[in-house]
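Structure file start-v2.csv (CSV, N, CA and C atoms) follows.
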```
chain,number,residue,atom,x,y,z
A,9,GLN,N,0.8,-1.2,0.0
A,9,GLN,CA,0.0,0.0,0.0
A,9,GLN,C,0.9,1.2,0.0
A,10,VAL,N,0.4,2.3,-0.7
A,10,VAL,CA,1.1,3.5,-0.7
A,10,VAL,C,0.2,4.6,-0.1
A,11,GLN,N,0.8,5.5,0.7
A,11,GLN,CA,0.0,6.6,1.2
A,11,GLN,C,0.2,7.9,0.3
A,12,LEU,N,-0.8,8.6,0.1
A,12,LEU,CA,-0.8,9.7,-0.8
A,12,LEU,C,-1.3,11.0,-0.1
A,13,VAL,N,-0.6,12.1,-0.3
A,13,VAL,CA,-1.1,13.3,0.3
A,13,VAL,C,-1.0,14.4,-0.7
A,14,GLU,N,-2.2,15.0,-1.1
A,14,GLU,CA,-2.2,16.1,-2.0
A,14,GLU,C,-2.1,17.4,-1.3
A,15,SER,N,-1.6,18.4,-2.1
A,15,SER,CA,-1.5,19.8,-1.6
A,15,SER,C,-1.5,20.7,-2.8
A,16,GLY,N,-1.7,22.0,-2.5
A,16,GLY,CA,-1.6,23.0,-3.5
A,16,GLY,C,-2.9,23.6,-4.0
A,17,GLY,N,-4.0,23.0,-3.6
A,17,GLY,CA,-5.3,23.5,-4.0
A,17,GLY,C,-5.6,24.8,-3.3
A,18,ARG,N,-6.3,25.7,-4.1
A,18,ARG,CA,-6.7,27.0,-3.5
A,18,ARG,C,-7.7,27.7,-4.4
A,19,LEU,N,-8.1,28.9,-4.1
A,19,LEU,CA,-8.9,29.7,-5.0
A,19,LEU,C,-8.0,30.4,-6.0
A,20,VAL,N,-8.4,30.4,-7.2
A,20,VAL,CA,-7.7,31.0,-8.3
A,20,VAL,C,-8.6,31.7,-9.3
A,21,GLN,N,-8.2,32.8,-9.9
A,21,GLN,CA,-9.1,33.4,-10.8
A,21,GLN,C,-9.1,32.7,-12.2
A,22,PRO,N,-10.2,32.8,-13.0
A,22,PRO,CA,-10.2,32.3,-14.3
A,22,PRO,C,-9.0,32.8,-15.1
A,23,GLY,N,-8.3,31.9,-15.9
A,23,GLY,CA,-7.1,32.2,-16.6
A,23,GLY,C,-5.9,32.0,-15.8
A,24,GLY,N,-6.0,31.7,-14.6
A,24,GLY,CA,-4.8,31.6,-13.7
A,24,GLY,C,-4.2,30.2,-13.8
A,25,SER,N,-3.1,30.0,-13.0
A,25,SER,CA,-2.4,28.8,-13.0
A,25,SER,C,-2.3,28.2,-11.6
A,26,LEU,N,-2.0,26.9,-11.5
A,26,LEU,CA,-1.9,26.3,-10.2
A,26,LEU,C,-1.1,25.0,-10.4
A,27,ARG,N,-0.3,24.7,-9.4
A,27,ARG,CA,0.4,23.4,-9.4
A,27,ARG,C,0.0,22.6,-8.2
A,28,LEU,N,-0.5,21.4,-8.4
A,28,LEU,CA,-0.8,20.5,-7.3
A,28,LEU,C,0.3,19.5,-7.1
A,29,SER,N,0.5,19.1,-5.9
A,29,SER,CA,1.5,18.1,-5.6
A,29,SER,C,0.9,16.9,-4.9
A,30,CYS,N,1.5,15.7,-5.1
A,30,CYS,CA,1.0,14.5,-4.4
A,30,CYS,C,2.3,13.8,-3.9
A,31,ALA,N,2.4,13.8,-2.6
A,31,ALA,CA,3.6,13.1,-2.0
A,31,ALA,C,3.2,11.7,-1.6
A,32,ALA,N,4.0,10.8,-2.0
A,32,ALA,CA,3.8,9.3,-1.8
A,32,ALA,C,4.8,8.7,-0.8
A,33,SER,N,4.3,7.8,0.0
A,33,SER,CA,5.1,7.1,0.9
A,33,SER,C,4.6,5.7,1.0
A,34,GLY,N,5.5,4.8,1.4
A,34,GLY,CA,5.1,3.4,1.5
A,34,GLY,C,5.9,2.5,0.5
A,35,ARG,N,5.2,1.8,-0.3
A,35,ARG,CA,5.9,0.9,-1.2
A,35,ARG,C,6.7,1.7,-2.3
A,36,ALA,N,7.5,1.0,-3.0
A,36,ALA,CA,8.3,1.6,-4.1
A,36,ALA,C,7.4,2.3,-5.0
A,37,PHE,N,7.6,3.5,-5.2
A,37,PHE,CA,6.7,4.4,-6.0
A,37,PHE,C,7.0,4.5,-7.4
A,38,SER,N,8.3,4.3,-7.8
A,38,SER,CA,8.7,4.7,-9.1
A,38,SER,C,8.1,3.9,-10.2
A,39,ARG,N,7.6,2.7,-9.9
A,39,ARG,CA,7.0,1.8,-11.0
A,39,ARG,C,5.5,2.0,-11.0
A,40,ASP,N,4.9,2.7,-10.1
A,40,ASP,CA,3.5,2.8,-10.1
A,40,ASP,C,3.0,3.7,-11.3
A,41,THR,N,1.8,3.4,-11.7
A,41,THR,CA,1.0,4.3,-12.5
A,41,THR,C,0.4,5.4,-11.6
A,42,MET,N,0.6,6.6,-11.9
A,42,MET,CA,0.1,7.7,-11.1
A,42,MET,C,-1.0,8.5,-11.9
A,43,ALA,N,-2.0,8.9,-11.2
A,43,ALA,CA,-3.1,9.6,-11.9
A,43,ALA,C,-3.7,10.7,-11.0
A,44,TRP,N,-4.3,11.6,-11.7
A,44,TRP,CA,-5.1,12.7,-11.1
A,44,TRP,C,-6.6,12.5,-11.5
A,45,PHE,N,-7.5,12.6,-10.6
A,45,PHE,CA,-8.9,12.6,-10.9
A,45,PHE,C,-9.5,13.9,-10.2
A,46,ARG,N,-10.7,14.3,-10.6
A,46,ARG,CA,-11.3,15.4,-9.9
A,46,ARG,C,-12.8,15.1,-9.7
A,47,GLN,N,-13.4,15.7,-8.8
A,47,GLN,CA,-14.8,15.6,-8.5
A,47,GLN,C,-15.5,16.9,-8.2
A,48,ALA,N,-16.4,17.3,-9.0
A,48,ALA,CA,-17.1,18.6,-8.8
A,48,ALA,C,-18.4,18.2,-8.0
A,49,PRO,N,-18.9,19.2,-7.3
A,49,PRO,CA,-20.1,19.0,-6.5
A,49,PRO,C,-21.3,18.4,-7.3
A,50,GLY,N,-21.8,17.3,-6.8
A,50,GLY,CA,-22.9,16.6,-7.5
A,50,GLY,C,-22.6,15.8,-8.7
A,51,LYS,N,-21.3,15.7,-8.9
A,51,LYS,CA,-20.9,14.9,-10.1
A,51,LYS,C,-20.0,13.7,-9.7
A,52,GLU,N,-19.8,12.8,-10.6
A,52,GLU,CA,-19.0,11.7,-10.4
A,52,GLU,C,-17.5,12.1,-10.5
A,53,ARG,N,-16.7,11.3,-9.9
A,53,ARG,CA,-15.2,11.5,-10.0
A,53,ARG,C,-14.8,11.2,-11.4
A,54,GLU,N,-14.0,12.1,-12.0
A,54,GLU,CA,-13.6,11.9,-13.4
A,54,GLU,C,-12.1,12.0,-13.6
A,55,PHE,N,-11.6,11.3,-14.6
A,55,PHE,CA,-10.2,11.2,-14.9
A,55,PHE,C,-9.7,12.5,-15.4
A,56,VAL,N,-8.5,12.9,-15.0
A,56,VAL,CA,-7.9,14.1,-15.5
A,56,VAL,C,-6.6,13.8,-16.2
A,57,ALA,N,-5.7,13.1,-15.6
A,57,ALA,CA,-4.4,12.8,-16.2
A,57,ALA,C,-3.7,11.7,-15.6
A,58,ALA,N,-2.9,11.0,-16.3
A,58,ALA,CA,-2.1,9.9,-15.7
A,58,ALA,C,-0.8,9.7,-16.4
A,59,MET,N,0.2,9.1,-15.7
A,59,MET,CA,1.5,8.8,-16.2
A,59,MET,C,1.6,7.3,-16.0
A,60,PHE,N,1.7,6.5,-17.1
A,60,PHE,CA,1.7,5.1,-17.0
A,60,PHE,C,3.0,4.5,-16.6
A,61,ARG,N,3.0,3.9,-15.4
A,61,ARG,CA,4.2,3.2,-14.8
A,61,ARG,C,5.4,4.1,-14.9
A,62,SER,N,6.5,3.6,-15.0
A,62,SER,CA,7.8,4.4,-15.1
A,62,SER,C,8.2,4.8,-16.5
A,63,TYR,N,7.3,4.4,-17.4
A,63,TYR,CA,7.7,4.6,-18.8
A,63,TYR,C,7.6,6.1,-19.2
A,64,GLY,N,6.8,6.9,-18.4
A,64,GLY,CA,6.7,8.3,-18.7
A,64,GLY,C,5.6,8.7,-19.7
A,65,ARG,N,4.9,7.7,-20.2
A,65,ARG,CA,3.9,8.0,-21.2
A,65,ARG,C,2.7,8.7,-20.4
A,66,THR,N,2.2,9.8,-20.9
A,66,THR,CA,1.2,10.5,-20.3
A,66,THR,C,-0.1,10.5,-21.0
A,67,TYR,N,-1.2,10.6,-20.3
A,67,TYR,CA,-2.6,10.6,-20.9
A,67,TYR,C,-3.4,11.6,-20.2
A,68,TYR,N,-4.3,12.3,-21.0
A,68,TYR,CA,-5.1,13.4,-20.5
A,68,TYR,C,-6.5,13.3,-20.9
A,69,ALA,N,-7.4,13.8,-20.1
A,69,ALA,CA,-8.8,13.9,-20.5
A,69,ALA,C,-8.9,15.0,-21.6
A,70,ASP,N,-9.8,14.9,-22.5
A,70,ASP,CA,-9.9,15.9,-23.6
A,70,ASP,C,-10.1,17.3,-23.1
A,71,SER,N,-10.8,17.4,-21.9
A,71,SER,CA,-11.1,18.7,-21.4
A,71,SER,C,-9.9,19.5,-20.8
A,72,VAL,N,-8.8,18.8,-20.6
A,72,VAL,CA,-7.7,19.4,-20.0
A,72,VAL,C,-6.4,19.4,-20.9
A,73,LYS,N,-6.6,18.6,-22.0
A,73,LYS,CA,-5.4,18.5,-22.9
A,73,LYS,C,-4.9,19.8,-23.4
A,74,GLY,N,-3.6,20.0,-23.3
A,74,GLY,CA,-3.0,21.3,-23.8
A,74,GLY,C,-3.0,22.3,-22.7
A,75,ARG,N,-3.7,22.1,-21.5
A,75,ARG,CA,-3.7,23.0,-20.4
A,75,ARG,C,-3.0,22.5,-19.2
A,76,PHE,N,-3.1,21.1,-19.0
A,76,PHE,CA,-2.6,20.5,-17.8
A,76,PHE,C,-1.4,19.6,-18.2
A,77,THR,N,-0.5,19.5,-17.2
A,77,THR,CA,0.7,18.6,-17.4
A,77,THR,C,0.9,17.8,-16.2
A,78,ILE,N,1.0,16.5,-16.3
A,78,ILE,CA,1.4,15.6,-15.2
A,78,ILE,C,2.8,15.3,-15.3
A,79,SER,N,3.5,15.3,-14.1
A,79,SER,CA,4.9,15.0,-14.1
A,79,SER,C,5.2,14.3,-12.8
A,80,ARG,N,6.4,13.7,-12.7
A,80,ARG,CA,6.8,13.0,-11.4
A,80,ARG,C,8.2,13.2,-11.2
A,81,ASN,N,8.6,13.2,-9.9
A,81,ASN,CA,10.0,13.2,-9.4
A,81,ASN,C,10.1,12.0,-8.5
A,82,ASN,N,10.6,10.9,-9.1
A,82,ASN,CA,10.7,9.6,-8.3
A,82,ASN,C,11.7,9.8,-7.2
A,83,ALA,N,12.7,10.6,-7.3
A,83,ALA,CA,13.7,10.8,-6.2
A,83,ALA,C,13.0,11.4,-5.0
A,84,GLU,N,12.0,12.2,-5.2
A,84,GLU,CA,11.3,12.9,-4.2
A,84,GLU,C,9.9,12.2,-3.9
A,85,ASN,N,9.6,11.2,-4.6
A,85,ASN,CA,8.3,10.4,-4.4
A,85,ASN,C,7.1,11.4,-4.5
A,86,THR,N,7.2,12.2,-5.5
A,86,THR,CA,6.1,13.2,-5.7
A,86,THR,C,5.6,13.3,-7.2
A,87,VAL,N,4.3,13.4,-7.3
A,87,VAL,CA,3.7,13.6,-8.6
A,87,VAL,C,3.1,15.0,-8.6
A,88,TYR,N,3.2,15.7,-9.8
A,88,TYR,CA,2.7,17.0,-9.9
A,88,TYR,C,1.6,17.1,-11.0
A,89,LEU,N,0.7,18.1,-10.8
A,89,LEU,CA,-0.2,18.4,-11.9
A,89,LEU,C,-0.1,20.0,-12.1
A,90,GLN,N,0.5,20.4,-13.2
A,90,GLN,CA,0.6,21.8,-13.5
A,90,GLN,C,-0.7,22.1,-14.3
A,91,MET,N,-1.4,23.1,-13.8
A,91,MET,CA,-2.7,23.5,-14.5
A,91,MET,C,-2.6,25.0,-15.0
A,92,GLU,N,-2.8,25.1,-16.2
A,92,GLU,CA,-2.8,26.5,-16.8
A,92,GLU,C,-4.2,26.8,-17.4
A,93,SER,N,-4.4,28.1,-17.6
A,93,SER,CA,-5.6,28.6,-18.2
A,93,SER,C,-6.8,28.0,-17.5
A,94,LEU,N,-6.9,28.1,-16.2
A,94,LEU,CA,-7.9,27.5,-15.5
A,94,LEU,C,-9.3,28.2,-15.7
A,95,GLN,N,-10.3,27.4,-15.7
A,95,GLN,CA,-11.7,27.8,-16.0
A,95,GLN,C,-12.6,27.4,-14.8
A,96,PRO,N,-13.7,28.1,-14.7
A,96,PRO,CA,-14.6,27.7,-13.6
A,96,PRO,C,-15.0,26.2,-13.6
A,97,GLU,N,-15.1,25.6,-14.8
A,97,GLU,CA,-15.4,24.2,-14.9
A,97,GLU,C,-14.3,23.3,-14.4
A,98,ASP,N,-13.2,23.8,-14.1
A,98,ASP,CA,-12.1,23.0,-13.5
A,98,ASP,C,-12.2,22.9,-12.0
A,99,THR,N,-13.2,23.6,-11.4
A,99,THR,CA,-13.4,23.6,-10.0
A,99,THR,C,-13.8,22.2,-9.5
A,100,GLY,N,-13.2,21.8,-8.4
A,100,GLY,CA,-13.5,20.5,-7.8
A,100,GLY,C,-12.4,20.1,-6.8
A,101,VAL,N,-12.7,18.9,-6.2
A,101,VAL,CA,-11.7,18.3,-5.4
A,101,VAL,C,-10.8,17.4,-6.3
A,102,TYR,N,-9.5,17.6,-6.2
A,102,TYR,CA,-8.6,16.9,-7.0
A,102,TYR,C,-7.9,15.8,-6.2
A,103,TYR,N,-7.9,14.6,-6.7
A,103,TYR,CA,-7.4,13.4,-6.0
A,103,TYR,C,-6.2,12.8,-6.8
A,104,CYS,N,-5.3,12.4,-6.0
A,104,CYS,CA,-4.1,11.6,-6.5
A,104,CYS,C,-4.4,10.2,-6.3
A,105,ALA,N,-4.1,9.3,-7.3
A,105,ALA,CA,-4.3,7.9,-7.2
A,105,ALA,C,-3.1,7.1,-7.7
A,106,ALA,N,-2.9,5.9,-7.2
A,106,ALA,CA,-1.7,5.1,-7.6
A,106,ALA,C,-2.1,3.7,-7.8
A,107,SER,N,-1.5,3.0,-8.7
A,107,SER,CA,-1.7,1.6,-8.9
A,107,SER,C,-0.4,1.0,-9.4
A,108,SER,N,-0.1,-0.2,-8.8
A,108,SER,CA,1.1,-1.0,-9.3
A,108,SER,C,0.7,-2.0,-10.3
A,109,THR,N,-0.6,-2.2,-10.5
A,109,THR,CA,-1.1,-3.3,-11.3
A,109,THR,C,-2.0,-2.9,-12.5
A,110,ILE,N,-2.4,-1.7,-12.6
A,110,ILE,CA,-3.4,-1.3,-13.6
A,110,ILE,C,-2.8,-1.5,-15.0
A,111,ILE,N,-3.7,-1.9,-15.9
A,111,ILE,CA,-3.3,-2.0,-17.3
A,111,ILE,C,-3.7,-0.8,-18.1
A,112,LEU,N,-3.1,-0.6,-19.2
A,112,LEU,CA,-3.2,0.7,-19.9
A,112,LEU,C,-4.7,1.0,-20.3
A,113,SER,N,-5.4,-0.1,-20.7
A,113,SER,CA,-6.8,0.1,-21.1
A,113,SER,C,-7.7,0.6,-20.0
A,114,ASN,N,-7.3,0.5,-18.8
A,114,ASN,CA,-8.1,0.8,-17.6
A,114,ASN,C,-7.7,2.1,-16.9
A,115,ILE,N,-6.8,2.8,-17.5
A,115,ILE,CA,-6.1,3.9,-16.9
A,115,ILE,C,-7.0,5.0,-16.5
A,116,GLN,N,-8.2,5.2,-17.2
A,116,GLN,CA,-9.1,6.3,-16.8
A,116,GLN,C,-10.2,5.9,-15.9
A,117,ASN,N,-10.1,4.6,-15.4
A,117,ASN,CA,-11.2,4.1,-14.6
A,117,ASN,C,-10.8,4.2,-13.1
A,118,THR,N,-11.7,4.8,-12.3
A,118,THR,CA,-11.4,4.9,-10.9
A,118,THR,C,-11.2,3.5,-10.2
A,119,ARG,N,-11.8,2.5,-10.7
A,119,ARG,CA,-11.8,1.2,-10.1
A,119,ARG,C,-10.4,0.6,-10.3
A,120,GLY,N,-9.6,1.1,-11.2
A,120,GLY,CA,-8.3,0.5,-11.4
A,120,GLY,C,-7.3,0.9,-10.4
A,121,TYR,N,-7.6,1.9,-9.5
A,121,TYR,CA,-6.6,2.4,-8.5
A,121,TYR,C,-7.0,2.0,-7.1
A,122,ALA,N,-6.1,1.4,-6.4
A,122,ALA,CA,-6.3,0.9,-5.1
A,122,ALA,C,-6.0,2.0,-4.0
A,123,ASP,N,-5.1,2.9,-4.3
A,123,ASP,CA,-4.6,3.9,-3.4
A,123,ASP,C,-5.0,5.3,-3.8
A,124,TRP,N,-5.6,6.0,-2.8
A,124,TRP,CA,-6.1,7.4,-3.1
A,124,TRP,C,-5.7,8.3,-2.0
A,125,GLY,N,-5.5,9.6,-2.3
A,125,GLY,CA,-5.2,10.6,-1.3
A,125,GLY,C,-6.6,11.2,-0.8
A,126,GLN,N,-6.5,12.1,0.0
A,126,GLN,CA,-7.7,12.7,0.7
A,126,GLN,C,-8.3,13.8,-0.2
A,127,GLY,N,-7.5,14.3,-1.2
A,127,GLY,CA,-8.0,15.3,-2.1
A,127,GLY,C,-7.6,16.7,-1.6
A,128,THR,N,-7.6,17.6,-2.6
A,128,THR,CA,-7.3,19.0,-2.4
A,128,THR,C,-8.2,19.9,-3.2
A,129,GLN,N,-8.8,20.9,-2.6
A,129,GLN,CA,-9.9,21.7,-3.2
A,129,GLN,C,-9.3,22.7,-4.2
A,130,VAL,N,-9.8,22.7,-5.4
A,130,VAL,CA,-9.4,23.8,-6.4
A,130,VAL,C,-10.7,24.5,-6.7
A,131,THR,N,-10.7,25.8,-6.6
A,131,THR,CA,-11.8,26.6,-6.9
A,131,THR,C,-11.4,27.7,-7.9
A,132,VAL,N,-12.0,27.8,-9.0
A,132,VAL,CA,-11.7,28.7,-10.1
A,132,VAL,C,-12.9,29.7,-10.1
A,133,SER,N,-12.7,30.9,-9.7
A,133,SER,CA,-13.8,31.9,-9.6
A,133,SER,C,-13.2,33.3,-9.5
A,134,SER,N,-14.0,34.2,-10.1
A,134,SER,CA,-13.6,35.6,-10.0
A,134,SER,C,-14.2,36.3,-8.8
```
Once you've parsed the file, please lay out its structure as structure tokens.
Amino acid sequence: QVQLVESGGRLVQPGGSLRLSCAASGRAFSRDTMAWFRQAPGKEREFVAAMFRSYGRTYYADSVKGRFTISRNNAENTVYLQMESLQPEDTGVYYCAASSTIILSNIQNTRGYADWGQGTQVTVSS
């Protein structure tokens, strides 16, 4: 099991930028697939971005492609989500997730991840 702690969420104006961090501890982190999901009030949790295993291949939801970037620093056991050109529809609780066993075809499915953080709130509003 790996423990995940997100940070960096806050109130930001439309068009602004934000970087979220996810600190991991526990099992070896470097080989895990790491992902970010988000959940807006009254909506289901949705996939945002993922980095598949240690290969470095990244995947994004269409709604954030070109604006968000997922990255990882294995030496520091940390995953980041850099968010640019934020819009009100990006508002929600952002969760970090990890899996050592997920297959590529399941990467956008919440059920594929066994380990989750507690979430960090991002609010985009003027």
Quiz item: Can you tell me how far atom N of Gly17 of chain A sits from atom N of Tyr63 of chain A, in Å to one decimal?
Solution: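 One can read the atom N of Gly17 of chain A to atom N of Tyr63 of chain A distance as 25.8 Å.
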* With a distance cut-off of 5 Å and all atoms listed in the file, select the neighbouring residues of Ser133 of chain A, excluding the residue or stretch itself and same-chain residues fewer than 4 positions from it, and output the selection as a PyMOL selection string. => chain A and resi 20-22
Among A:Ala122, A:Val130, A:Ala48, A:Leu112, Arg65 of chain A is approached most closely, using only C-alpha atoms, by A:Leu112
Need to verify the contact set: Met91 of chain A, 9 Å, only C-alpha atoms, exclusion of same-chain residues closer than 3 positions in sequence. Can you return it as a CSV table (one decimal) with N, CA and C atoms, keeping the file's coordinate frame?
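Saved result, out12.csv, follows:
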```
chain,number,residue,atom,x,y,z
A,24,GLY,N,-6.0,31.7,-14.6
A,24,GLY,CA,-4.8,31.6,-13.7
A,24,GLY,C,-4.2,30.2,-13.8
A,25,SER,N,-3.1,30.0,-13.0
A,25,SER,CA,-2.4,28.8,-13.0
A,25,SER,C,-2.3,28.2,-11.6
A,26,LEU,N,-2.0,26.9,-11.5
A,26,LEU,CA,-1.9,26.3,-10.2
A,26,LEU,C,-1.1,25.0,-10.4
A,27,ARG,N,-0.3,24.7,-9.4
A,27,ARG,CA,0.4,23.4,-9.4
A,27,ARG,C,0.0,22.6,-8.2
A,28,LEU,N,-0.5,21.4,-8.4
A,28,LEU,CA,-0.8,20.5,-7.3
A,28,LEU,C,0.3,19.5,-7.1
A,72,VAL,N,-8.8,18.8,-20.6
A,72,VAL,CA,-7.7,19.4,-20.0
A,72,VAL,C,-6.4,19.4,-20.9
A,75,ARG,N,-3.7,22.1,-21.5
A,75,ARG,CA,-3.7,23.0,-20.4
A,75,ARG,C,-3.0,22.5,-19.2
A,76,PHE,N,-3.1,21.1,-19.0
A,76,PHE,CA,-2.6,20.5,-17.8
A,76,PHE,C,-1.4,19.6,-18.2
A,77,THR,N,-0.5,19.5,-17.2
A,77,THR,CA,0.7,18.6,-17.4
A,77,THR,C,0.9,17.8,-16.2
A,78,ILE,N,1.0,16.5,-16.3
A,78,ILE,CA,1.4,15.6,-15.2
A,78,ILE,C,2.8,15.3,-15.3
A,94,LEU,N,-6.9,28.1,-16.2
A,94,LEU,CA,-7.9,27.5,-15.5
A,94,LEU,C,-9.3,28.2,-15.7
```
Residues of segment 72-115 of chain A at most 7 Å from segment 124-127 of chain A: nearest atom pair and distance in Å, only N, CA and C atoms, as a tab-separated table:
```
residue	atom	partner	partner_atom	distance
A:Val101	C	A:Gly127	CA	5.5
A:Tyr102	C	A:Gly127	CA	4.1
A:Tyr103	CA	A:Gly127	CA	4.4
A:Cys104	C	A:Gly125	N	4.2
A:Ala105	CA	A:Trp124	CA	4.5
A:Ala106	N	A:Trp124	N	5.2
```
Next, write the just-selected residues to a file, as a PDB file, keeping the file's coordinate frame, keeping N, CA and C atoms as the atom set.
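Below is the file again-v3.pdb, written as the result:
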```pdb
ATOM      1  N   VAL A 101     -12.700  18.900  -6.200  1.00  0.00           N
ATOM      2  CA  VAL A 101     -11.700  18.300  -5.400  1.00  0.00           C
ATOM      3  C   VAL A 101     -10.800  17.400  -6.300  1.00  0.00           C
ATOM      4  N   TYR A 102      -9.500  17.600  -6.200  1.00  0.00           N
ATOM      5  CA  TYR A 102      -8.600  16.900  -7.000  1.00  0.00           C
ATOM      6  C   TYR A 102      -7.900  15.800  -6.200  1.00  0.00           C
ATOM      7  N   TYR A 103      -7.900  14.600  -6.700  1.00  0.00           N
ATOM      8  CA  TYR A 103      -7.400  13.400  -6.000  1.00  0.00           C
ATOM      9  C   TYR A 103      -6.200  12.800  -6.800  1.00  0.00           C
ATOM     10  N   CYS A 104      -5.300  12.400  -6.000  1.00  0.00           N
ATOM     11  CA  CYS A 104      -4.100  11.600  -6.500  1.00  0.00           C
ATOM     12  C   CYS A 104      -4.400  10.200  -6.300  1.00  0.00           C
ATOM     13  N   ALA A 105      -4.100   9.300  -7.300  1.00  0.00           N
ATOM     14  CA  ALA A 105      -4.300   7.900  -7.200  1.00  0.00           C
ATOM     15  C   ALA A 105      -3.100   7.100  -7.700  1.00  0.00           C
ATOM     16  N   ALA A 106      -2.900   5.900  -7.200  1.00  0.00           N
ATOM     17  CA  ALA A 106      -1.700   5.100  -7.600  1.00  0.00           C
ATOM     18  C   ALA A 106      -2.100   3.700  -7.800  1.00  0.00           C
TER      19      ALA A 106
END
```
Counting only C-alpha atoms, closest pick from A:Arg18, A:Gln116, A:Gln129, A:Gly100 relative to Ala57 of chain A is A:Gln116
Report the distance between atom CA of Trp44 of chain A and atom CA of Gln11 of chain A in Å, rounded to one decimal place.
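Answer for the atom CA of Trp44 of chain A to atom CA of Gln11 of chain A separation: 14.6 Å.
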**Item:** Distance of atom C of Thr131 of chain A from atom C of Thr41 of chain A, expressed in Å to one decimal place
**Value:**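 Computed distance, atom C of Thr41 of chain A to atom C of Thr131 of chain A, equals 25.5 Å.
With only C-alpha atoms as the atoms that count, the residue of A:Ile115, A:Met42, A:Val56, A:Val132 with the shortest distance to Thr86 of chain A is A:Met42.
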- Message: Taking only segment 23-110 of chain A into account, list the residues labelled helix (DSSP H, G or I) by DSSP (computed from the backbone), as a PyMOL selection string.
- Response: chain A and resi 82-84+96-98
For segment 99-103 of chain A, take all atoms listed in the file, fit an axis-aligned box around them, add 8 Å to each of the six sides, then output centre and edge lengths in Å rounded to one decimal, as AutoDock Vina command-line options.
```
--center_x -10.0 --center_y 18.2 --center_z -8.4 --size_x 23.6 --size_y 26.8 --size_z 22.0
```
Where atoms are absent from segment 66-78 of chain A, fill them in so it carries N, CA, C and O atoms, then output it as a short mmCIF file (atom, residue, chain, number, x, y, z; two decimals), in the frame of the given file.
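Output contents, as saved in part.cif:
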```
data_model
loop_
_atom_site.label_atom_id
_atom_site.label_comp_id
_atom_site.auth_asym_id
_atom_site.auth_seq_id
_atom_site.Cartn_x
_atom_site.Cartn_y
_atom_site.Cartn_z
N THR A 66 2.20 9.80 -20.90
CA THR A 66 1.20 10.50 -20.30
C THR A 66 -0.10 10.50 -21.00
O THR A 66 -0.14 10.42 -22.27
N TYR A 67 -1.20 10.60 -20.30
CA TYR A 67 -2.60 10.60 -20.90
C TYR A 67 -3.40 11.60 -20.20
O TYR A 67 -3.29 11.89 -19.01
N TYR A 68 -4.30 12.30 -21.00
CA TYR A 68 -5.10 13.40 -20.50
C TYR A 68 -6.50 13.30 -20.90
O TYR A 68 -6.82 12.78 -22.04
N ALA A 69 -7.40 13.80 -20.10
CA ALA A 69 -8.80 13.90 -20.50
C ALA A 69 -8.90 15.00 -21.60
O ALA A 69 -8.07 15.97 -21.56
N ASP A 70 -9.80 14.90 -22.50
CA ASP A 70 -9.90 15.90 -23.60
C ASP A 70 -10.10 17.30 -23.10
O ASP A 70 -9.62 18.27 -23.64
N SER A 71 -10.80 17.40 -21.90
CA SER A 71 -11.10 18.70 -21.40
C SER A 71 -9.90 19.50 -20.80
O SER A 71 -10.01 20.68 -20.66
N VAL A 72 -8.80 18.80 -20.60
CA VAL A 72 -7.70 19.40 -20.00
C VAL A 72 -6.40 19.40 -20.90
O VAL A 72 -5.40 19.97 -20.62
N LYS A 73 -6.60 18.60 -22.00
CA LYS A 73 -5.40 18.50 -22.90
C LYS A 73 -4.90 19.80 -23.40
O LYS A 73 -5.70 20.65 -23.87
N GLY A 74 -3.60 20.00 -23.30
CA GLY A 74 -3.00 21.30 -23.80
C GLY A 74 -3.00 22.30 -22.70
O GLY A 74 -2.29 23.33 -22.81
N ARG A 75 -3.70 22.10 -21.50
CA ARG A 75 -3.70 23.00 -20.40
C ARG A 75 -3.00 22.50 -19.20
O ARG A 75 -2.39 23.19 -18.40
N PHE A 76 -3.10 21.10 -19.00
CA PHE A 76 -2.60 20.50 -17.80
C PHE A 76 -1.40 19.60 -18.20
O PHE A 76 -1.40 19.03 -19.25
N THR A 77 -0.50 19.50 -17.20
CA THR A 77 0.70 18.60 -17.40
C THR A 77 0.90 17.80 -16.20
O THR A 77 1.10 18.40 -15.08
N ILE A 78 1.00 16.50 -16.30
CA ILE A 78 1.40 15.60 -15.20
C ILE A 78 2.80 15.30 -15.30
O ILE A 78 3.38 15.09 -16.38
#
```
